[in-house]
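Visitor: structure.txt is reproduced below (compact mmCIF, C-alpha atoms).
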# COMPACT_ATOMS: atom_id res chain seq x y z
CA MET J 1 72.37 59.53 98.55
CA ALA J 2 68.69 59.89 97.71
CA ASP J 3 67.18 58.34 94.60
CA ARG J 4 66.16 60.39 91.54
CA THR J 5 62.52 60.65 92.64
CA GLU J 6 63.53 62.10 96.00
CA LEU J 7 66.02 64.48 94.34
CA LYS J 8 63.30 65.69 91.95
CA ALA J 9 60.91 66.27 94.86
CA ARG J 10 63.57 68.24 96.73
CA LEU J 11 64.36 70.26 93.63
CA GLU J 12 60.70 71.18 93.11
CA PHE J 13 60.41 72.15 96.78
CA TRP J 14 63.45 74.44 96.63
CA LYS J 15 62.36 75.97 93.31
CA SER J 16 58.96 76.77 94.83
CA ALA J 17 60.56 78.21 97.97
CA LEU J 18 62.97 80.26 95.86
CA GLU J 19 60.12 81.70 93.81
CA LYS J 20 58.26 82.78 96.96
CA LEU J 21 61.39 84.35 98.44
CA ARG J 22 62.03 86.27 95.23
CA GLU J 23 58.42 87.50 95.11
CA ALA J 24 58.67 88.73 98.69
CA TYR J 25 62.00 90.44 98.05
CA LEU J 26 60.75 92.26 94.96
CA ALA J 27 57.49 93.31 96.60
CA LEU J 28 59.36 94.79 99.55
CA LEU J 29 62.06 96.33 97.37
CA ASP J 30 59.59 98.08 95.10
CA GLY J 31 58.00 99.69 98.13
CA GLY J 32 54.48 98.81 97.06
CA VAL J 33 53.88 97.02 100.35
CA LYS J 34 55.03 97.65 103.91
CA SER J 35 55.06 93.97 104.80
CA TYR J 36 54.85 90.65 103.03
CA LYS J 37 53.70 87.26 104.34
CA ILE J 38 55.16 83.89 103.47
CA GLY J 39 53.14 81.32 105.35
CA ASN J 40 53.12 82.43 109.00
CA GLU J 41 56.18 84.66 108.60
CA GLU J 42 55.69 88.38 108.09
CA LEU J 43 58.57 90.26 106.50
CA THR J 44 59.26 93.99 106.29
CA ARG J 45 61.80 96.15 104.44
CA LEU J 46 64.10 95.65 107.43
CA ASP J 47 64.28 91.96 106.47
CA LEU J 48 65.69 92.59 102.97
CA VAL J 49 69.27 91.66 103.89
CA SER J 50 68.29 88.39 105.58
CA LEU J 51 65.87 87.68 102.74
CA GLN J 52 68.65 88.15 100.21
CA LYS J 53 70.80 85.64 102.11
CA ARG J 54 67.93 83.15 102.14
CA ILE J 55 67.51 83.60 98.38
CA GLU J 56 71.22 82.93 97.83
CA GLU J 57 71.03 79.79 99.98
CA ALA J 58 67.98 78.54 98.06
CA GLU J 59 69.72 79.24 94.74
CA LYS J 60 72.70 77.18 95.88
CA LYS J 61 70.39 74.31 96.88
CA VAL J 62 68.65 74.40 93.49
CA ASP J 63 71.98 74.45 91.65
CA GLU J 64 73.30 71.59 93.78
CA LEU J 65 70.22 69.42 93.22
CA GLU J 66 70.18 70.12 89.48
CA ALA J 67 73.84 69.12 89.27
CA LEU J 68 73.11 65.87 91.12
CA LEU J 69 70.19 65.08 88.82
CA ASN J 70 72.31 65.76 85.74
CA GLY J 71 75.06 63.44 86.93
CA GLY J 72 77.43 66.18 87.98
CA ALA J 73 79.13 66.78 91.28
CA SER J 74 77.27 68.46 94.10
CA GLY J 75 79.73 71.34 94.13
CA ARG J 76 81.25 70.38 97.42
CA ALA J 77 84.99 70.60 97.82
CA TYR J 78 87.04 67.98 99.55
CA ALA J 79 90.57 68.32 100.84
CA VAL J 80 93.17 65.68 100.11
CA VAL J 81 96.25 65.50 102.29
CA PRO J 82 99.10 63.58 100.69
CA MET J 83 100.94 61.31 103.10
CA ASP J 84 104.55 60.28 102.69
CA TRP J 85 104.98 56.88 104.27
Would you mind writing the file out in structure tokens?
Guide:
Amino acid sequence: MADRTELKARLEFWKSALEKLREAYLALLDGGVKSYKIGNEELTRLDLVSLQKRIEEAEKKVDELEALLNGGASGRAYAVVPMDW
């Protein structure tokens, strides 16, 4: 597992990415623009569904990293199979 400094850096990265994805989604949804650029990627209204999925993934990453920083579990489930010897 990464140290706290690395986790904080990752969290800030994902928060920044999430903010940009949300801005793009809202700009396209409102209809004020026909396309929106994030870096080299140009998005249109046709990309709203994939953009929404990317937002959900980024939100999960942020939640996971915040949980790790606060001492909680990462939210991952593990299966346990009891064995009768």
Visitor: Rounded to one decimal place, report the CA of Lys8 in chain J-CA of Lys53 in chain J distance in Å.
Guide: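 Taking CA of Lys8 in chain J as the start and CA of Lys53 in chain J as the end point, the length is 23.6 Å.
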Visitor: Calculate how many Å separate CA of Ala2 in chain J from CA of Glu56 in chain J, rounding to one decimal.
Guide: 23.2 Å
Visitor: Suppose you want the space between CA of Leu7 in chain J and CA of Glu19 in chain J; what is it in Å?
Guide: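 A separation of 18.2 Å between them.
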Visitor: Would you mind telling me which residue in J:Val81, J:Tyr25, J:Gly72, J:Leu65 lies nearest to Glu6 in chain J when using only C-alpha atoms?
Guide: J:Leu65
Visitor: With 5 Å of padding per side, what axis-aligned box (centre and edge lengths, Å, one decimal) covers all the listed atoms of range 46-64 of chain J? Give it as AutoDock Vina command-line options.
Guide:
--center_x 68.7 --center_y 83.6 --center_z 99.5 --size_x 19.2 --size_y 34.1 --size_z 25.8
Visitor: Would you kindly return, as a ChimeraX atom specification, each protein, DNA or RNA residue with an atom no farther than 12 Å from any atom of Ser16 in chain J, considering all atoms listed in the file and excluding same-chain residues fewer than 6 positions away?
Guide: /J:9-10,22-23,38,55,58-59,61-62
Visitor: What's around Thr44 in chain J at 8 Å? Count only C-alpha atoms, leave out sequence neighbours fewer than 4 positions away in its own chain, and write the answer as a PyMOL selection string.
Guide: chain J and resi 28+34-36+48
Visitor: Suppose we keep C-alpha atoms; can you now write the selection as a short mmCIF file (atom, residue, chain, number, x, y, z; two decimals), in the coordinates of the input?
Guide:
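Result written to out-v6.cif:
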data_model
loop_
_atom_site.label_atom_id
_atom_site.label_comp_id
_atom_site.auth_asym_id
_atom_site.auth_seq_id
_atom_site.Cartn_x
_atom_site.Cartn_y
_atom_site.Cartn_z
CA LEU J 28 59.36 94.79 99.55
CA LYS J 34 55.03 97.65 103.91
CA SER J 35 55.06 93.97 104.80
CA TYR J 36 54.85 90.65 103.03
CA LEU J 48 65.69 92.59 102.97
#
Visitor: Taking into account only C-alpha atoms, which residue in the set J:Gly71, J:Pro82, J:Ala24, J:Gly31 is nearest to Ser50 in chain J?
Guide: J:Ala24
Visitor: Closest to Ala67 in chain J among J:Leu11, J:Val80, J:Asp30, J:Thr5, using all atoms listed in the file?
Guide: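 Ranked by minimum distance to Ala67 in chain J, first place goes to J:Leu11.
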